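Structure below is work-v4.txt: compact mmCIF, N, CA and C atoms.
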```txt
# COMPACT_ATOMS: atom_id res chain seq x y z
N MET M 108 -7.36 13.77 -0.99
CA MET M 108 -6.92 12.68 -0.15
C MET M 108 -6.27 11.62 -1.02
N PRO M 109 -4.98 11.38 -0.89
CA PRO M 109 -4.35 10.29 -1.64
C PRO M 109 -4.82 8.93 -1.11
N LEU M 110 -5.14 8.05 -2.03
CA LEU M 110 -5.49 6.68 -1.71
C LEU M 110 -4.55 5.78 -2.49
N ILE M 111 -3.73 5.05 -1.78
CA ILE M 111 -2.76 4.16 -2.40
C ILE M 111 -3.25 2.73 -2.22
N GLU M 112 -3.39 2.00 -3.31
CA GLU M 112 -3.79 0.60 -3.25
C GLU M 112 -2.66 -0.26 -3.80
N MET M 113 -2.32 -1.31 -3.06
CA MET M 113 -1.27 -2.24 -3.48
C MET M 113 -1.85 -3.65 -3.45
N TYR M 114 -1.41 -4.46 -4.37
CA TYR M 114 -1.89 -5.84 -4.47
C TYR M 114 -0.71 -6.79 -4.33
N PHE M 115 -0.88 -7.77 -3.46
CA PHE M 115 0.14 -8.80 -3.24
C PHE M 115 -0.54 -10.15 -3.18
N GLY M 116 0.22 -11.18 -3.48
CA GLY M 116 -0.30 -12.53 -3.30
C GLY M 116 -0.57 -12.77 -1.82
N LYS M 117 -1.62 -13.51 -1.55
CA LYS M 117 -2.00 -13.81 -0.16
C LYS M 117 -0.83 -14.47 0.56
N GLY M 118 -0.47 -13.92 1.71
CA GLY M 118 0.61 -14.48 2.51
C GLY M 118 2.00 -14.01 2.10
N ALA M 119 2.09 -13.14 1.09
CA ALA M 119 3.41 -12.69 0.63
C ALA M 119 4.10 -11.80 1.65
N LEU M 120 3.32 -11.10 2.46
CA LEU M 120 3.87 -10.19 3.46
C LEU M 120 3.32 -10.53 4.83
N THR M 121 4.14 -10.35 5.84
CA THR M 121 3.66 -10.49 7.21
C THR M 121 2.89 -9.22 7.59
N ASP M 122 2.17 -9.28 8.69
CA ASP M 122 1.47 -8.09 9.17
C ASP M 122 2.46 -6.96 9.44
N GLU M 123 3.63 -7.32 9.98
CA GLU M 123 4.66 -6.31 10.26
C GLU M 123 5.18 -5.69 8.97
N GLN M 124 5.39 -6.49 7.95
CA GLN M 124 5.86 -5.96 6.67
C GLN M 124 4.82 -5.05 6.04
N LYS M 125 3.54 -5.42 6.13
CA LYS M 125 2.49 -4.57 5.58
C LYS M 125 2.43 -3.24 6.30
N ALA M 126 2.55 -3.26 7.61
CA ALA M 126 2.52 -2.01 8.38
C ALA M 126 3.72 -1.14 8.03
N ASP M 127 4.90 -1.76 7.94
CA ASP M 127 6.12 -1.02 7.61
C ASP M 127 6.03 -0.41 6.21
N LEU M 128 5.57 -1.20 5.25
CA LEU M 128 5.43 -0.71 3.89
C LEU M 128 4.42 0.43 3.82
N SER M 129 3.31 0.30 4.52
CA SER M 129 2.29 1.35 4.54
C SER M 129 2.84 2.65 5.11
N ARG M 130 3.63 2.54 6.17
CA ARG M 130 4.25 3.74 6.76
C ARG M 130 5.24 4.40 5.79
N LYS M 131 6.03 3.58 5.12
CA LYS M 131 7.01 4.13 4.17
C LYS M 131 6.32 4.82 3.00
N VAL M 132 5.26 4.20 2.49
CA VAL M 132 4.51 4.80 1.38
C VAL M 132 3.87 6.11 1.84
N THR M 133 3.30 6.10 3.04
CA THR M 133 2.70 7.33 3.59
C THR M 133 3.74 8.42 3.70
N ASP M 134 4.92 8.09 4.23
CA ASP M 134 5.99 9.08 4.37
C ASP M 134 6.37 9.67 3.02
N LEU M 135 6.45 8.84 2.00
CA LEU M 135 6.81 9.31 0.66
C LEU M 135 5.73 10.25 0.10
N ILE M 136 4.48 9.87 0.26
CA ILE M 136 3.39 10.71 -0.24
C ILE M 136 3.38 12.06 0.48
N VAL M 137 3.55 12.03 1.81
CA VAL M 137 3.58 13.27 2.59
C VAL M 137 4.72 14.16 2.11
N LYS M 138 5.89 13.56 1.91
CA LYS M 138 7.06 14.33 1.46
C LYS M 138 6.83 14.96 0.09
N GLU M 139 6.30 14.19 -0.84
CA GLU M 139 6.16 14.66 -2.21
C GLU M 139 4.96 15.58 -2.43
N THR M 140 3.88 15.38 -1.69
CA THR M 140 2.67 16.18 -1.92
C THR M 140 2.50 17.32 -0.93
N LYS M 141 3.29 17.28 0.13
CA LYS M 141 3.21 18.31 1.19
C LYS M 141 1.82 18.34 1.84
N GLN M 142 1.15 17.20 1.90
CA GLN M 142 -0.14 17.11 2.55
C GLN M 142 0.03 16.42 3.91
N PRO M 143 -0.87 16.71 4.84
CA PRO M 143 -0.77 16.05 6.15
C PRO M 143 -0.89 14.52 6.02
N GLN M 144 -0.17 13.82 6.88
CA GLN M 144 -0.16 12.36 6.75
C GLN M 144 -1.54 11.75 7.00
N HIS M 145 -2.38 12.41 7.79
CA HIS M 145 -3.70 11.83 8.05
C HIS M 145 -4.63 11.92 6.84
N TYR M 146 -4.17 12.57 5.76
CA TYR M 146 -4.93 12.59 4.51
C TYR M 146 -4.65 11.34 3.66
N THR M 147 -3.57 10.65 3.96
CA THR M 147 -3.13 9.54 3.12
C THR M 147 -3.69 8.22 3.62
N TRP M 148 -4.34 7.51 2.73
CA TRP M 148 -4.89 6.19 3.03
C TRP M 148 -4.11 5.16 2.22
N VAL M 149 -3.80 4.03 2.85
CA VAL M 149 -3.11 2.94 2.17
C VAL M 149 -3.94 1.67 2.37
N ILE M 150 -4.21 0.99 1.28
CA ILE M 150 -4.92 -0.29 1.34
C ILE M 150 -4.05 -1.35 0.69
N ILE M 151 -3.83 -2.43 1.41
CA ILE M 151 -3.10 -3.57 0.85
C ILE M 151 -4.11 -4.69 0.63
N HIS M 152 -4.25 -5.08 -0.62
CA HIS M 152 -5.14 -6.18 -0.99
C HIS M 152 -4.30 -7.46 -1.07
N GLU M 153 -4.80 -8.51 -0.46
CA GLU M 153 -4.15 -9.81 -0.57
C GLU M 153 -5.01 -10.68 -1.49
N VAL M 154 -4.42 -11.08 -2.58
CA VAL M 154 -5.14 -11.82 -3.60
C VAL M 154 -4.67 -13.27 -3.60
N PRO M 155 -5.59 -14.23 -3.52
CA PRO M 155 -5.17 -15.64 -3.61
C PRO M 155 -4.41 -15.87 -4.92
N LEU M 156 -3.37 -16.66 -4.85
CA LEU M 156 -2.52 -16.87 -6.03
C LEU M 156 -3.29 -17.40 -7.23
N GLU M 157 -4.32 -18.22 -6.97
CA GLU M 157 -5.10 -18.75 -8.09
C GLU M 157 -5.98 -17.69 -8.76
N ASN M 158 -6.04 -16.49 -8.16
CA ASN M 158 -6.79 -15.39 -8.77
C ASN M 158 -5.90 -14.47 -9.61
N TRP M 159 -4.60 -14.70 -9.62
CA TRP M 159 -3.68 -13.94 -10.48
C TRP M 159 -3.54 -14.74 -11.77
N MET M 160 -3.69 -14.06 -12.89
CA MET M 160 -3.57 -14.74 -14.18
C MET M 160 -2.47 -14.09 -15.01
N VAL M 161 -1.64 -14.93 -15.61
CA VAL M 161 -0.58 -14.49 -16.51
C VAL M 161 -0.56 -15.46 -17.68
N ASP M 162 -0.65 -14.94 -18.88
CA ASP M 162 -0.59 -15.80 -20.07
C ASP M 162 -1.63 -16.92 -20.01
N ARG M 163 -2.85 -16.56 -19.54
CA ARG M 163 -3.97 -17.50 -19.43
C ARG M 163 -3.75 -18.58 -18.38
N LEU M 164 -2.76 -18.43 -17.53
CA LEU M 164 -2.48 -19.39 -16.47
C LEU M 164 -2.57 -18.72 -15.11
N THR M 165 -3.09 -19.47 -14.12
CA THR M 165 -3.01 -18.96 -12.76
C THR M 165 -1.55 -19.04 -12.33
N LEU M 166 -1.19 -18.31 -11.29
CA LEU M 166 0.20 -18.37 -10.84
C LEU M 166 0.62 -19.78 -10.41
N PRO M 167 -0.23 -20.55 -9.71
CA PRO M 167 0.18 -21.94 -9.43
C PRO M 167 0.39 -22.76 -10.70
N GLU M 168 -0.45 -22.56 -11.72
CA GLU M 168 -0.25 -23.27 -12.99
C GLU M 168 1.03 -22.84 -13.67
N LEU M 169 1.31 -21.55 -13.65
CA LEU M 169 2.53 -21.03 -14.26
C LEU M 169 3.76 -21.58 -13.53
N LYS M 170 3.70 -21.61 -12.23
CA LYS M 170 4.82 -22.16 -11.43
C LYS M 170 5.06 -23.61 -11.79
N ALA M 171 3.99 -24.39 -11.90
CA ALA M 171 4.12 -25.81 -12.28
C ALA M 171 4.72 -25.94 -13.68
N LYS M 172 4.26 -25.11 -14.59
CA LYS M 172 4.78 -25.15 -15.96
C LYS M 172 6.28 -24.84 -15.99
N LEU M 173 6.68 -23.83 -15.22
CA LEU M 173 8.10 -23.47 -15.18
C LEU M 173 8.94 -24.57 -14.55
N GLN M 174 8.39 -25.25 -13.56
CA GLN M 174 9.11 -26.36 -12.93
C GLN M 174 9.32 -27.51 -13.92
N GLU M 175 8.34 -27.72 -14.80
CA GLU M 175 8.45 -28.79 -15.81
C GLU M 175 9.61 -28.53 -16.77
N LYS M 176 9.91 -27.27 -17.03
CA LYS M 176 10.95 -26.91 -17.99
C LYS M 176 12.35 -27.11 -17.43
N LYS M 177 12.47 -27.30 -16.13
CA LYS M 177 13.81 -27.47 -15.53
C LYS M 177 14.36 -28.83 -15.77
```

Would you write the structure of this file as structure tokens?
Amino acid sequence: MPLIEMYFGKGALTDEQKADLSRKVTDLIVKETKQPQHYTWVIIHEVPLENWMVDRLTLPELKAKLQEKK
């Protein structure tokens, strides 16, 4: 059973976009693995931006830092 997990910032996608993306990923897995689509599970995790860390900074901190450089 393929299990596809994707991570996005909270609010980055609408419910419609998540459903569309999940269907497209499922179609790709079915095409490439030749397995029935009901075997494919897709989970989209929404992570609060302050829980993403890059270079020891949360994404809001990184965004603020980049704005300062302008």

Determine which residues of chain M DSSP labels as strand (DSSP E) from the backbone of this structure, then write them out as a PyMOL selection string.
chain M and resi 110-116+148-154+160-161+164-165

Once you count all atoms listed in the file, which residues end up no further than 6.5 Å from (0.6, -7.5, -0.2) in the file's frame, shown as a VMD selection string?
chain M and resid 113 to 116 119 to 120 151 to 153

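As for CA of Tyr146 in chain M and CA of Asp122 in chain M, they are spaced 22.1 Å apart.
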
Within 7 Å of Ile111 in chain M, counting only N, CA and C atoms, which residues qualify if same-chain residues fewer than 4 places away don't, as a compact mmCIF listing (two decimals) with N, CA and C atoms, keeping the file's coordinate frame?
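Output saved as selection_1.txt:
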```txt
# COMPACT_ATOMS: atom_id res chain seq x y z
N THR M 147 -3.57 10.65 3.96
CA THR M 147 -3.13 9.54 3.12
C THR M 147 -3.69 8.22 3.62
N TRP M 148 -4.34 7.51 2.73
CA TRP M 148 -4.89 6.19 3.03
C TRP M 148 -4.11 5.16 2.22
N VAL M 149 -3.80 4.03 2.85
CA VAL M 149 -3.11 2.94 2.17
C VAL M 149 -3.94 1.67 2.37
N ILE M 150 -4.21 0.99 1.28
CA ILE M 150 -4.92 -0.29 1.34
C ILE M 150 -4.05 -1.35 0.69
N ILE M 151 -3.83 -2.43 1.41
CA ILE M 151 -3.10 -3.57 0.85
C ILE M 151 -4.11 -4.69 0.63
```

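Among the candidates M:Leu110, M:Leu164, M:Ala171, M:Val154, the residue lying nearest to Thr133 in chain M is M:Leu110 (atoms considered: only C-alpha atoms).
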
As an exercise, work out the distance from atom C of Leu166 in chain M to atom N of Glu123 in chain M in Å and give it to one decimal place.
24.1 Å

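The gap separating CA of Leu156 in chain M from CA of Asp127 in chain M is 22.6 Å, in Å to one decimal.
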
Any chance you could work out the axis-aligned box around range 110-129 of chain M, listed atoms only, 8 Å on each side, giving centre and edge lengths in Å to one decimal, as lines of an AutoDock Vina configuration file?
```
center_x = 0.3
center_y = -3.2
center_z = 2.9
size_x = 27.6
size_y = 38.5
size_z = 30.7
```

DSSP helix (DSSP H, G or I) residues within chain M, as JSON, numbers by chain:
{"M": [122, 123, 124, 125, 126, 127, 128, 129, 130, 131, 132, 133, 134, 135, 136, 137, 138, 139, 140, 144, 145, 146, 156, 157, 158, 166, 167, 168, 169, 170, 171, 172, 173, 174, 175]}

Could you dump the residues just selected with N, CA and C atoms as an mmCIF file, in the frame of the given file?
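See part09.cif below for the written result:
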```cif
data_model
loop_
_atom_site.group_PDB
_atom_site.id
_atom_site.type_symbol
_atom_site.label_atom_id
_atom_site.label_comp_id
_atom_site.auth_asym_id
_atom_site.auth_seq_id
_atom_site.Cartn_x
_atom_site.Cartn_y
_atom_site.Cartn_z
ATOM 1 N N ASP M 122 2.170 -9.280 8.690
ATOM 2 C CA ASP M 122 1.470 -8.090 9.170
ATOM 3 C C ASP M 122 2.460 -6.960 9.440
ATOM 4 N N GLU M 123 3.630 -7.320 9.980
ATOM 5 C CA GLU M 123 4.660 -6.310 10.260
ATOM 6 C C GLU M 123 5.180 -5.690 8.970
ATOM 7 N N GLN M 124 5.390 -6.490 7.950
ATOM 8 C CA GLN M 124 5.860 -5.960 6.670
ATOM 9 C C GLN M 124 4.820 -5.050 6.040
ATOM 10 N N LYS M 125 3.540 -5.420 6.130
ATOM 11 C CA LYS M 125 2.490 -4.570 5.580
ATOM 12 C C LYS M 125 2.430 -3.240 6.300
ATOM 13 N N ALA M 126 2.550 -3.260 7.610
ATOM 14 C CA ALA M 126 2.520 -2.010 8.380
ATOM 15 C C ALA M 126 3.720 -1.140 8.030
ATOM 16 N N ASP M 127 4.900 -1.760 7.940
ATOM 17 C CA ASP M 127 6.120 -1.020 7.610
ATOM 18 C C ASP M 127 6.030 -0.410 6.210
ATOM 19 N N LEU M 128 5.570 -1.200 5.250
ATOM 20 C CA LEU M 128 5.430 -0.710 3.890
ATOM 21 C C LEU M 128 4.420 0.430 3.820
ATOM 22 N N SER M 129 3.310 0.300 4.520
ATOM 23 C CA SER M 129 2.290 1.350 4.540
ATOM 24 C C SER M 129 2.840 2.650 5.110
ATOM 25 N N ARG M 130 3.630 2.540 6.170
ATOM 26 C CA ARG M 130 4.250 3.740 6.760
ATOM 27 C C ARG M 130 5.240 4.400 5.790
ATOM 28 N N LYS M 131 6.030 3.580 5.120
ATOM 29 C CA LYS M 131 7.010 4.130 4.170
ATOM 30 C C LYS M 131 6.320 4.820 3.000
ATOM 31 N N VAL M 132 5.260 4.200 2.490
ATOM 32 C CA VAL M 132 4.510 4.800 1.380
ATOM 33 C C VAL M 132 3.870 6.110 1.840
ATOM 34 N N THR M 133 3.300 6.100 3.040
ATOM 35 C CA THR M 133 2.700 7.330 3.590
ATOM 36 C C THR M 133 3.740 8.420 3.700
ATOM 37 N N ASP M 134 4.920 8.090 4.230
ATOM 38 C CA ASP M 134 5.990 9.080 4.370
ATOM 39 C C ASP M 134 6.370 9.670 3.020
ATOM 40 N N LEU M 135 6.450 8.840 2.000
ATOM 41 C CA LEU M 135 6.810 9.310 0.660
ATOM 42 C C LEU M 135 5.730 10.250 0.100
ATOM 43 N N ILE M 136 4.480 9.870 0.260
ATOM 44 C CA ILE M 136 3.390 10.710 -0.240
ATOM 45 C C ILE M 136 3.380 12.060 0.480
ATOM 46 N N VAL M 137 3.550 12.030 1.810
ATOM 47 C CA VAL M 137 3.580 13.270 2.590
ATOM 48 C C VAL M 137 4.720 14.160 2.110
ATOM 49 N N LYS M 138 5.890 13.560 1.910
ATOM 50 C CA LYS M 138 7.060 14.330 1.460
ATOM 51 C C LYS M 138 6.830 14.960 0.090
ATOM 52 N N GLU M 139 6.300 14.190 -0.840
ATOM 53 C CA GLU M 139 6.160 14.660 -2.210
ATOM 54 C C GLU M 139 4.960 15.580 -2.430
ATOM 55 N N THR M 140 3.880 15.380 -1.690
ATOM 56 C CA THR M 140 2.670 16.180 -1.920
ATOM 57 C C THR M 140 2.500 17.320 -0.930
ATOM 58 N N GLN M 144 -0.170 13.820 6.880
ATOM 59 C CA GLN M 144 -0.160 12.360 6.750
ATOM 60 C C GLN M 144 -1.540 11.750 7.000
ATOM 61 N N HIS M 145 -2.380 12.410 7.790
ATOM 62 C CA HIS M 145 -3.700 11.830 8.050
ATOM 63 C C HIS M 145 -4.630 11.920 6.840
ATOM 64 N N TYR M 146 -4.170 12.570 5.760
ATOM 65 C CA TYR M 146 -4.930 12.590 4.510
ATOM 66 C C TYR M 146 -4.650 11.340 3.660
ATOM 67 N N LEU M 156 -3.370 -16.660 -4.850
ATOM 68 C CA LEU M 156 -2.520 -16.870 -6.030
ATOM 69 C C LEU M 156 -3.290 -17.400 -7.230
ATOM 70 N N GLU M 157 -4.320 -18.220 -6.970
ATOM 71 C CA GLU M 157 -5.100 -18.750 -8.090
ATOM 72 C C GLU M 157 -5.980 -17.690 -8.760
ATOM 73 N N ASN M 158 -6.040 -16.490 -8.160
ATOM 74 C CA ASN M 158 -6.790 -15.390 -8.770
ATOM 75 C C ASN M 158 -5.900 -14.470 -9.610
ATOM 76 N N LEU M 166 -1.190 -18.310 -11.290
ATOM 77 C CA LEU M 166 0.200 -18.370 -10.840
ATOM 78 C C LEU M 166 0.620 -19.780 -10.410
ATOM 79 N N PRO M 167 -0.230 -20.550 -9.710
ATOM 80 C CA PRO M 167 0.180 -21.940 -9.430
ATOM 81 C C PRO M 167 0.390 -22.760 -10.700
ATOM 82 N N GLU M 168 -0.450 -22.560 -11.720
ATOM 83 C CA GLU M 168 -0.250 -23.270 -12.990
ATOM 84 C C GLU M 168 1.030 -22.840 -13.670
ATOM 85 N N LEU M 169 1.310 -21.550 -13.650
ATOM 86 C CA LEU M 169 2.530 -21.030 -14.260
ATOM 87 C C LEU M 169 3.760 -21.580 -13.530
ATOM 88 N N LYS M 170 3.700 -21.610 -12.230
ATOM 89 C CA LYS M 170 4.820 -22.160 -11.430
ATOM 90 C C LYS M 170 5.060 -23.610 -11.790
ATOM 91 N N ALA M 171 3.990 -24.390 -11.900
ATOM 92 C CA ALA M 171 4.120 -25.810 -12.280
ATOM 93 C C ALA M 171 4.720 -25.940 -13.680
ATOM 94 N N LYS M 172 4.260 -25.110 -14.590
ATOM 95 C CA LYS M 172 4.780 -25.150 -15.960
ATOM 96 C C LYS M 172 6.280 -24.840 -15.990
ATOM 97 N N LEU M 173 6.680 -23.830 -15.220
ATOM 98 C CA LEU M 173 8.100 -23.470 -15.180
ATOM 99 C C LEU M 173 8.940 -24.570 -14.550
ATOM 100 N N GLN M 174 8.390 -25.250 -13.560
ATOM 101 C CA GLN M 174 9.110 -26.360 -12.930
ATOM 102 C C GLN M 174 9.320 -27.510 -13.920
ATOM 103 N N GLU M 175 8.340 -27.720 -14.800
ATOM 104 C CA GLU M 175 8.450 -28.790 -15.810
ATOM 105 C C GLU M 175 9.610 -28.530 -16.770
#
```
